[in-house]
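*Asks:* My file is my_file_7.tsv. It has TSV, N, CA and C atoms:
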chain	number	residue	atom	x	y	z
A	1	ARG	N	178.96	287.06	118.40
A	1	ARG	CA	178.01	286.83	119.46
A	1	ARG	C	176.89	285.97	118.89
A	2	ILE	N	176.41	285.03	119.70
A	2	ILE	CA	175.39	284.09	119.25
A	2	ILE	C	174.21	284.12	120.22
A	3	PHE	N	173.00	284.19	119.65
A	3	PHE	CA	171.77	284.08	120.42
A	3	PHE	C	171.07	282.80	119.96
A	4	GLN	N	170.65	281.95	120.90
A	4	GLN	CA	169.97	280.71	120.54
A	4	GLN	C	168.61	280.64	121.23
A	5	ASP	N	167.59	280.29	120.45
A	5	ASP	CA	166.22	280.15	120.94
A	5	ASP	C	165.75	281.38	121.71
A	6	VAL	N	165.98	282.54	121.12
A	6	VAL	CA	165.59	283.81	121.73
A	6	VAL	C	164.69	284.57	120.75
A	7	PRO	N	163.56	285.10	121.23
A	7	PRO	CA	162.71	285.91	120.35
A	7	PRO	C	163.44	287.19	119.92
A	8	PRO	N	163.17	287.68	118.71
A	8	PRO	CA	163.88	288.87	118.22
A	8	PRO	C	163.73	290.09	119.11
A	9	GLN	N	162.56	290.28	119.72
A	9	GLN	CA	162.39	291.45	120.57
A	9	GLN	C	163.29	291.36	121.81
A	10	ASP	N	163.58	290.16	122.29
A	10	ASP	CA	164.49	290.02	123.43
A	10	ASP	C	165.93	290.31	123.01
A	11	ILE	N	166.29	289.91	121.80
A	11	ILE	CA	167.63	290.22	121.29
A	11	ILE	C	167.79	291.73	121.16
A	12	LEU	N	166.79	292.39	120.57
A	12	LEU	CA	166.84	293.84	120.39
A	12	LEU	C	166.88	294.55	121.74
A	13	ALA	N	166.08	294.10	122.69
A	13	ALA	CA	166.07	294.72	124.02
A	13	ALA	C	167.42	294.55	124.71
A	14	THR	N	168.05	293.39	124.55
A	14	THR	CA	169.37	293.14	125.13
A	14	THR	C	170.40	294.09	124.55
A	15	LEU	N	170.41	294.22	123.23
A	15	LEU	CA	171.37	295.11	122.57
A	15	LEU	C	171.17	296.56	123.00
A	16	CYS	N	169.92	296.98	123.09
A	16	CYS	CA	169.64	298.36	123.51
A	16	CYS	C	170.08	298.59	124.96
A	17	ALA	N	169.78	297.64	125.84
A	17	ALA	CA	170.15	297.77	127.25
A	17	ALA	C	171.67	297.85	127.41
A	18	GLU	N	172.38	297.07	126.63
A	18	GLU	CA	173.85	297.09	126.70
A	18	GLU	C	174.42	298.44	126.30
A	19	ARG	N	173.69	299.18	125.49
A	19	ARG	CA	174.13	300.51	125.04
A	19	ARG	C	173.50	301.63	125.87
A	20	GLY	N	172.81	301.28	126.94
A	20	GLY	CA	172.24	302.29	127.83
A	20	GLY	C	170.88	302.81	127.41
A	21	LEU	N	170.24	302.17	126.43
A	21	LEU	CA	168.90	302.58	126.02
A	21	LEU	C	167.90	301.78	126.84
A	22	THR	N	167.37	302.41	127.88
A	22	THR	CA	166.50	301.69	128.80
A	22	THR	C	165.02	301.88	128.50
A	23	ASP	N	164.67	302.93	127.80
A	23	ASP	CA	163.26	303.18	127.49
A	23	ASP	C	162.96	302.69	126.08
A	24	VAL	N	162.76	301.38	125.95
A	24	VAL	CA	162.51	300.72	124.67
A	24	VAL	C	161.16	300.02	124.76
A	25	ALA	N	160.35	300.16	123.72
A	25	ALA	CA	159.03	299.52	123.70
A	25	ALA	C	158.84	298.79	122.38
A	26	PHE	N	157.94	297.82	122.39
A	26	PHE	CA	157.61	297.04	121.20
A	26	PHE	C	156.11	297.14	120.96
A	27	ALA	N	155.73	297.64	119.79
A	27	ALA	CA	154.33	297.74	119.38
A	27	ALA	C	154.14	296.70	118.27
A	28	LEU	N	153.78	295.50	118.68
A	28	LEU	CA	153.71	294.39	117.73
A	28	LEU	C	152.28	293.89	117.58
A	29	THR	N	151.90	293.58	116.35
A	29	THR	CA	150.57	293.02	116.08
A	29	THR	C	150.60	291.50	116.09
A	30	ARG	N	151.79	290.93	116.14
A	30	ARG	CA	151.94	289.47	116.19
A	30	ARG	C	153.07	289.14	117.15
A	31	GLU	N	153.09	287.94	117.65
A	31	GLU	CA	154.16	287.48	118.54
A	31	GLU	C	155.22	286.78	117.71
A	32	PRO	N	156.40	287.38	117.54
A	32	PRO	CA	157.44	286.75	116.73
A	32	PRO	C	157.93	285.45	117.37
A	33	GLU	N	158.28	284.50	116.52
A	33	GLU	CA	158.80	283.23	117.02
A	33	GLU	C	160.25	283.41	117.45
A	34	ALA	N	160.66	282.60	118.41
A	34	ALA	CA	162.06	282.62	118.85
A	34	ALA	C	162.94	282.20	117.68
A	35	ARG	N	164.08	282.84	117.57
A	35	ARG	CA	165.03	282.49	116.51
A	35	ARG	C	165.90	281.35	117.02
A	36	GLU	N	165.93	280.29	116.22
A	36	GLU	CA	166.72	279.13	116.62
A	36	GLU	C	168.19	279.50	116.78
A	37	TYR	N	168.67	280.33	115.87
A	37	TYR	CA	170.09	280.67	115.86
A	37	TYR	C	170.24	282.04	115.23
A	38	CYS	N	170.84	282.99	115.93
A	38	CYS	CA	171.02	284.34	115.41
A	38	CYS	C	172.43	284.81	115.77
A	39	VAL	N	173.20	285.21	114.76
A	39	VAL	CA	174.61	285.53	114.96
A	39	VAL	C	174.91	286.98	114.58
A	40	GLN	N	175.63	287.65	115.45
A	40	GLN	CA	176.19	288.96	115.14
A	40	GLN	C	177.68	288.73	114.89
A	41	TYR	N	178.09	288.94	113.64
A	41	TYR	CA	179.48	288.66	113.28
A	41	TYR	C	180.02	289.79	112.42
A	42	ARG	N	181.06	290.42	112.90
A	42	ARG	CA	181.74	291.49	112.18
A	42	ARG	C	180.81	292.62	111.73
A	43	GLU	N	179.89	292.99	112.59
A	43	GLU	CA	179.01	294.12	112.32
A	43	GLU	C	178.79	294.88	113.62
A	44	SER	N	178.58	296.16	113.51
A	44	SER	CA	178.34	296.98	114.70
A	44	SER	C	176.99	296.60	115.31
A	45	ASP	N	176.77	297.04	116.54
A	45	ASP	CA	175.48	296.78	117.18
A	45	ASP	C	174.35	297.41	116.38
A	46	LEU	N	174.58	298.63	115.87
A	46	LEU	CA	173.54	299.30	115.08
A	46	LEU	C	173.25	298.53	113.80
A	47	ALA	N	174.28	298.07	113.11
A	47	ALA	CA	174.07	297.30	111.88
A	47	ALA	C	173.33	296.00	112.19
A	48	PHE	N	173.64	295.38	113.30
A	48	PHE	CA	172.96	294.14	113.70
A	48	PHE	C	171.49	294.41	114.03
A	49	VAL	N	171.23	295.49	114.77
A	49	VAL	CA	169.85	295.86	115.09
A	49	VAL	C	169.06	296.13	113.81
A	50	GLU	N	169.64	296.88	112.88
A	50	GLU	CA	168.94	297.19	111.63
A	50	GLU	C	168.69	295.94	110.80
A	51	ARG	N	169.67	295.04	110.75
A	51	ARG	CA	169.50	293.80	109.98
A	51	ARG	C	168.43	292.92	110.61
A	52	LEU	N	168.50	292.73	111.91
A	52	LEU	CA	167.53	291.89	112.60
A	52	LEU	C	166.12	292.48	112.47
A	53	ALA	N	166.00	293.78	112.65
A	53	ALA	CA	164.69	294.43	112.52
A	53	ALA	C	164.14	294.25	111.10
A	54	ALA	N	164.98	294.43	110.09
A	54	ALA	CA	164.54	294.27	108.70
A	54	ALA	C	164.12	292.83	108.42
A	55	GLU	N	164.88	291.87	108.91
A	55	GLU	CA	164.52	290.46	108.69
A	55	GLU	C	163.19	290.10	109.35
A	56	GLU	N	162.87	290.76	110.44
A	56	GLU	CA	161.63	290.49	111.16
A	56	GLU	C	160.48	291.39	110.71
A	57	GLY	N	160.74	292.29	109.76
A	57	GLY	CA	159.70	293.19	109.28
A	57	GLY	C	159.38	294.30	110.27
A	58	LEU	N	160.37	294.72	111.05
A	58	LEU	CA	160.16	295.75	112.06
A	58	LEU	C	160.76	297.07	111.60
A	59	VAL	N	160.13	298.15	111.98
A	59	VAL	CA	160.68	299.49	111.83
A	59	VAL	C	160.88	300.04	113.23
A	60	TYR	N	161.71	301.06	113.34
A	60	TYR	CA	161.85	301.68	114.65
A	60	TYR	C	161.79	303.19	114.50
A	61	PHE	N	161.30	303.83	115.55
A	61	PHE	CA	161.19	305.28	115.56
A	61	PHE	C	161.29	305.76	117.00
A	62	HIS	N	161.47	307.05	117.16
A	62	HIS	CA	161.61	307.65	118.49
A	62	HIS	C	160.35	308.43	118.82
A	63	GLU	N	159.99	308.40	120.08
A	63	GLU	CA	158.84	309.15	120.58
A	63	GLU	C	159.35	310.08	121.68
A	64	PHE	N	159.03	311.33	121.58
A	64	PHE	CA	159.46	312.31	122.57
A	64	PHE	C	158.26	312.75	123.38
A	65	GLU	N	158.39	312.68	124.70
A	65	GLU	CA	157.29	313.06	125.59
A	65	GLU	C	157.74	314.23	126.47
A	66	PRO	N	157.50	315.46	126.03
A	66	PRO	CA	157.95	316.60	126.82
A	66	PRO	C	157.26	316.71	128.18
A	67	ALA	N	156.03	316.22	128.29
A	67	ALA	CA	155.28	316.33	129.54
A	67	ALA	C	155.82	315.42	130.64
A	68	VAL	N	156.62	314.45	130.28
A	68	VAL	CA	157.12	313.48	131.27
A	68	VAL	C	158.61	313.74	131.50
A	69	GLY	N	159.00	314.97	131.60
A	69	GLY	CA	160.40	315.29	131.86
A	69	GLY	C	161.30	315.22	130.65
A	70	GLY	N	160.73	315.24	129.46
A	70	GLY	CA	161.54	315.24	128.26
A	70	GLY	C	162.16	313.90	127.92
A	71	THR	N	161.43	312.83	128.13
A	71	THR	CA	161.97	311.50	127.86
A	71	THR	C	161.87	311.14	126.38
A	72	HIS	N	162.81	310.32	125.95
A	72	HIS	CA	162.80	309.76	124.60
A	72	HIS	C	162.59	308.26	124.72
A	73	ARG	N	161.74	307.72	123.87
A	73	ARG	CA	161.49	306.28	123.87
A	73	ARG	C	161.78	305.75	122.47
A	74	LEU	N	162.46	304.63	122.40
A	74	LEU	CA	162.72	303.94	121.14
A	74	LEU	C	161.65	302.87	121.00
A	75	ILE	N	160.92	302.90	119.88
A	75	ILE	CA	159.81	301.96	119.67
A	75	ILE	C	160.05	301.16	118.41
A	76	PHE	N	159.91	299.84	118.53
A	76	PHE	CA	159.97	298.93	117.39
A	76	PHE	C	158.53	298.53	117.08
A	77	ALA	N	158.13	298.60	115.80
A	77	ALA	CA	156.76	298.26	115.41
A	77	ALA	C	156.79	297.38	114.17
A	78	ASP	N	155.72	296.60	114.00
A	78	ASP	CA	155.67	295.68	112.85
A	78	ASP	C	154.55	296.02	111.87
A	79	ALA	N	153.90	297.17	112.03
A	79	ALA	CA	152.83	297.56	111.10
A	79	ALA	C	152.84	299.07	110.93
A	80	PRO	N	152.65	299.56	109.70
A	80	PRO	CA	152.65	301.01	109.47
A	80	PRO	C	151.55	301.73	110.24
A	81	THR	N	150.47	301.04	110.55
A	81	THR	CA	149.37	301.67	111.28
A	81	THR	C	149.78	302.03	112.71
A	82	LEU	N	150.86	301.46	113.21
A	82	LEU	CA	151.33	301.74	114.56
A	82	LEU	C	152.25	302.96	114.62
A	83	LEU	N	152.65	303.47	113.45
A	83	LEU	CA	153.50	304.66	113.42
A	83	LEU	C	152.68	305.88	113.80
A	84	PRO	N	153.30	306.88	114.42
A	84	PRO	CA	152.54	308.08	114.79
A	84	PRO	C	152.06	308.83	113.56
A	85	HIS	N	150.88	309.41	113.66
A	85	HIS	CA	150.31	310.18	112.55
A	85	HIS	C	150.98	311.55	112.52
A	86	LEU	N	151.54	311.92	111.39
A	86	LEU	CA	152.25	313.19	111.26
A	86	LEU	C	151.40	314.31	110.69
A	87	GLY	N	150.21	313.98	110.23
A	87	GLY	CA	149.37	315.01	109.65
A	87	GLY	C	149.74	315.28	108.20
A	88	ALA	N	149.07	316.24	107.60
A	88	ALA	CA	149.32	316.59	106.20
A	88	ALA	C	150.66	317.30	106.06
A	89	ARG	N	151.33	317.06	104.95
A	89	ARG	CA	152.60	317.70	104.65
A	89	ARG	C	152.55	318.27	103.24
A	90	THR	N	153.20	319.38	103.04
A	90	THR	CA	153.30	320.02	101.74
A	90	THR	C	154.52	319.48	101.02
A	91	TYR	N	154.37	319.24	99.71
A	91	TYR	CA	155.52	318.82	98.90
A	91	TYR	C	156.23	320.06	98.41
A	92	HIS	N	157.53	320.16	98.70
A	92	HIS	CA	158.34	321.31	98.30
A	92	HIS	C	159.55	320.77	97.55
A	93	GLY	N	159.44	320.57	96.24
A	93	GLY	CA	160.50	319.96	95.46
A	93	GLY	C	161.50	320.92	94.86
A	94	ARG	N	161.30	322.21	95.02
A	94	ARG	CA	162.22	323.19	94.44
A	94	ARG	C	163.52	323.23	95.22
A	95	ALA	N	164.60	323.38	94.50
A	95	ALA	CA	165.89	323.58	95.16
A	95	ALA	C	165.99	325.03	95.62
A	96	GLY	N	166.52	325.24	96.78
A	96	GLY	CA	166.67	326.59	97.29
A	96	GLY	C	165.41	327.10	97.95
A	97	GLY	N	165.57	328.12	98.72
A	97	GLY	CA	164.43	328.68	99.42
A	97	GLY	C	164.06	327.82	100.62
A	98	THR	N	163.39	328.41	101.55
A	98	THR	CA	162.95	327.69	102.73
A	98	THR	C	161.44	327.80	102.84
A	99	PRO	N	160.75	326.68	102.80
A	99	PRO	CA	159.30	326.73	102.95
A	99	PRO	C	158.92	327.17	104.37
A	100	PRO	N	157.77	327.78	104.54
A	100	PRO	CA	157.39	328.33	105.84
A	100	PRO	C	156.96	327.28	106.87
A	101	ARG	N	156.79	326.03	106.49
A	101	ARG	CA	156.32	325.01	107.45
A	101	ARG	C	156.93	323.66	107.11
A	102	ARG	N	156.64	322.65	107.92
A	102	ARG	CA	157.18	321.31	107.69
A	102	ARG	C	156.71	320.80	106.34
A	103	HIS	N	157.61	320.10	105.65
A	103	HIS	CA	157.31	319.70	104.28
A	103	HIS	C	158.05	318.43	103.92
A	104	VAL	N	157.70	317.89	102.77
A	104	VAL	CA	158.40	316.76	102.18
A	104	VAL	C	159.17	317.30	100.99
A	105	ARG	N	160.46	316.99	100.92
A	105	ARG	CA	161.27	317.51	99.83
A	105	ARG	C	161.46	316.47	98.73
A	106	LYS	N	161.47	315.19	99.07
A	106	LYS	CA	161.75	314.16	98.07
A	106	LYS	C	160.96	312.90	98.41
A	107	LEU	N	160.41	312.29	97.37
A	107	LEU	CA	159.71	311.01	97.51
A	107	LEU	C	160.41	309.98	96.65
A	108	THR	N	160.62	308.80	97.19
A	108	THR	CA	161.27	307.73	96.45
A	108	THR	C	160.54	306.43	96.72
A	109	GLN	N	160.28	305.68	95.66
A	109	GLN	CA	159.68	304.36	95.82
A	109	GLN	C	160.75	303.32	95.52
A	110	VAL	N	160.88	302.34	96.40
A	110	VAL	CA	161.88	301.30	96.24
A	110	VAL	C	161.19	299.95	96.33
A	111	SER	N	161.53	299.06	95.40
A	111	SER	CA	161.03	297.68	95.43
A	111	SER	C	162.21	296.74	95.44
A	112	ARG	N	162.12	295.70	96.26
A	112	ARG	CA	163.19	294.72	96.33
A	112	ARG	C	162.60	293.33	96.31
A	113	VAL	N	163.29	292.43	95.66
A	113	VAL	CA	162.88	291.03	95.66
A	113	VAL	C	163.80	290.30	96.62
A	114	ARG	N	163.20	289.52	97.49
A	114	ARG	CA	163.96	288.79	98.48
A	114	ARG	C	163.65	287.31	98.35
A	115	PRO	N	164.65	286.45	98.38
A	115	PRO	CA	164.37	285.02	98.27
A	115	PRO	C	163.65	284.52	99.52
A	116	ALA	N	162.78	283.55	99.33
A	116	ALA	CA	162.08	282.96	100.46
A	116	ALA	C	163.05	282.09	101.25
A	117	ALA	N	162.89	282.09	102.54
A	117	ALA	CA	163.80	281.30	103.39
A	117	ALA	C	163.27	279.89	103.57
Rewrite the structure of this file - the entire thing - as structure tokens.
*Replies:*
Amino acid sequence: RIFQDVPPQDILATLCAERGLTDVAFALTREPEAREYCVQYRESDLAFVERLAAEEGLVYFHEFEPAVGGTHRLIFADAPTLLPHLGARTYHGRAGGTPPRRHVRKLTQVSRVRPAA
């Protein structure tokens, strides 16, 4: 599949709509430029969405709104400040046992070098 002169958020919205995801939002701090040429070749829709989002510096997360009939919304964002605040979390690194509240079990730092386009 080929997309020509289409902004990445329109490509992502199209892919989501084709899969029945109608409640999709974009929380962007900048207006992405249209992609001259974008190809989905031999990859699943999810793999394509993840690759396109990563290339554009986007993350995605789900928002649940119980007060509005239990709706789920898929949100794409381009800045960590747009992610929902989760509050303080306890670090629980021991194997075994169940901590009494929400916690973080593992922290990992990853660095990657990417060639400039």
*Asks:* Do you know which residues lie at most 7 Å from (163.6, 294.3, 123.5), with coordinates as in the file and only C-alpha atoms counted, and could you write them as number ranges by chain?
*Replies:* A: 9-14, 24-26
*Asks:* So how far away is CA of Tyr41 (chain A) from atom N of Arg19 (chain A), in Å?
*Replies:*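 Separation between atom N of Arg19 (chain A) and CA of Tyr41 (chain A): 17.1 Å.
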*Asks:* So, counting only N, CA and C atoms, which residue among A:Val59, A:Ala53, A:Cys16, A:Val6 is closest to Ala34 (chain A)?
*Replies:*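 Selected residue with least distance to Ala34 (chain A): A:Val6.
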*Asks:* Quote the spacing between CA of Phe76 (chain A) and CA of Leu58 (chain A) in Å to one decimal place.
*Replies:*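 It comes out at 6.2 Å.
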*Asks:* Which residues in region 16-91 of chain A does DSSP call strand (DSSP E)? List them as a list in words.
*Replies:*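 Across region 16-91 of chain A, those assigned strand (DSSP E) are Val24, Ala25, Phe26, Ala27, Arg35, Glu36, Tyr37, Cys38, Val39, Val59, Tyr60, Phe61, His62, Glu63, Phe64, Glu65, Thr71, His72, Arg73, Leu74, Ile75, Phe76, Ala77, Thr90 and Tyr91 of chain A.
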*Asks:* Which is closest to Asp78 (chain A) among A:Ala27, A:Leu15, A:Ile2, A:Ala116, if we use all atoms listed in the file?
*Replies:* A:Ala27
*Asks:* CA of Arg1 (chain A) to CA of Val39 (chain A): how many Å, to one decimal?
*Replies:*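 Pair CA of Arg1 (chain A) / CA of Val39 (chain A) returns 5.8 Å.
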*Asks:* Taking 2 positions as the minimum chain separation for residues in the same chain, which residues sit within 8 Å of Arg73 (chain A) when counting only N, CA and C atoms? Answer as a list in words.
*Replies:*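 The residues satisfying every condition are Thr22, Asp23, Val24, Ala25, Phe61, His62, Glu63, Phe64, Glu65, Gly70, Thr71, Ile75 and Phe76 of chain A.
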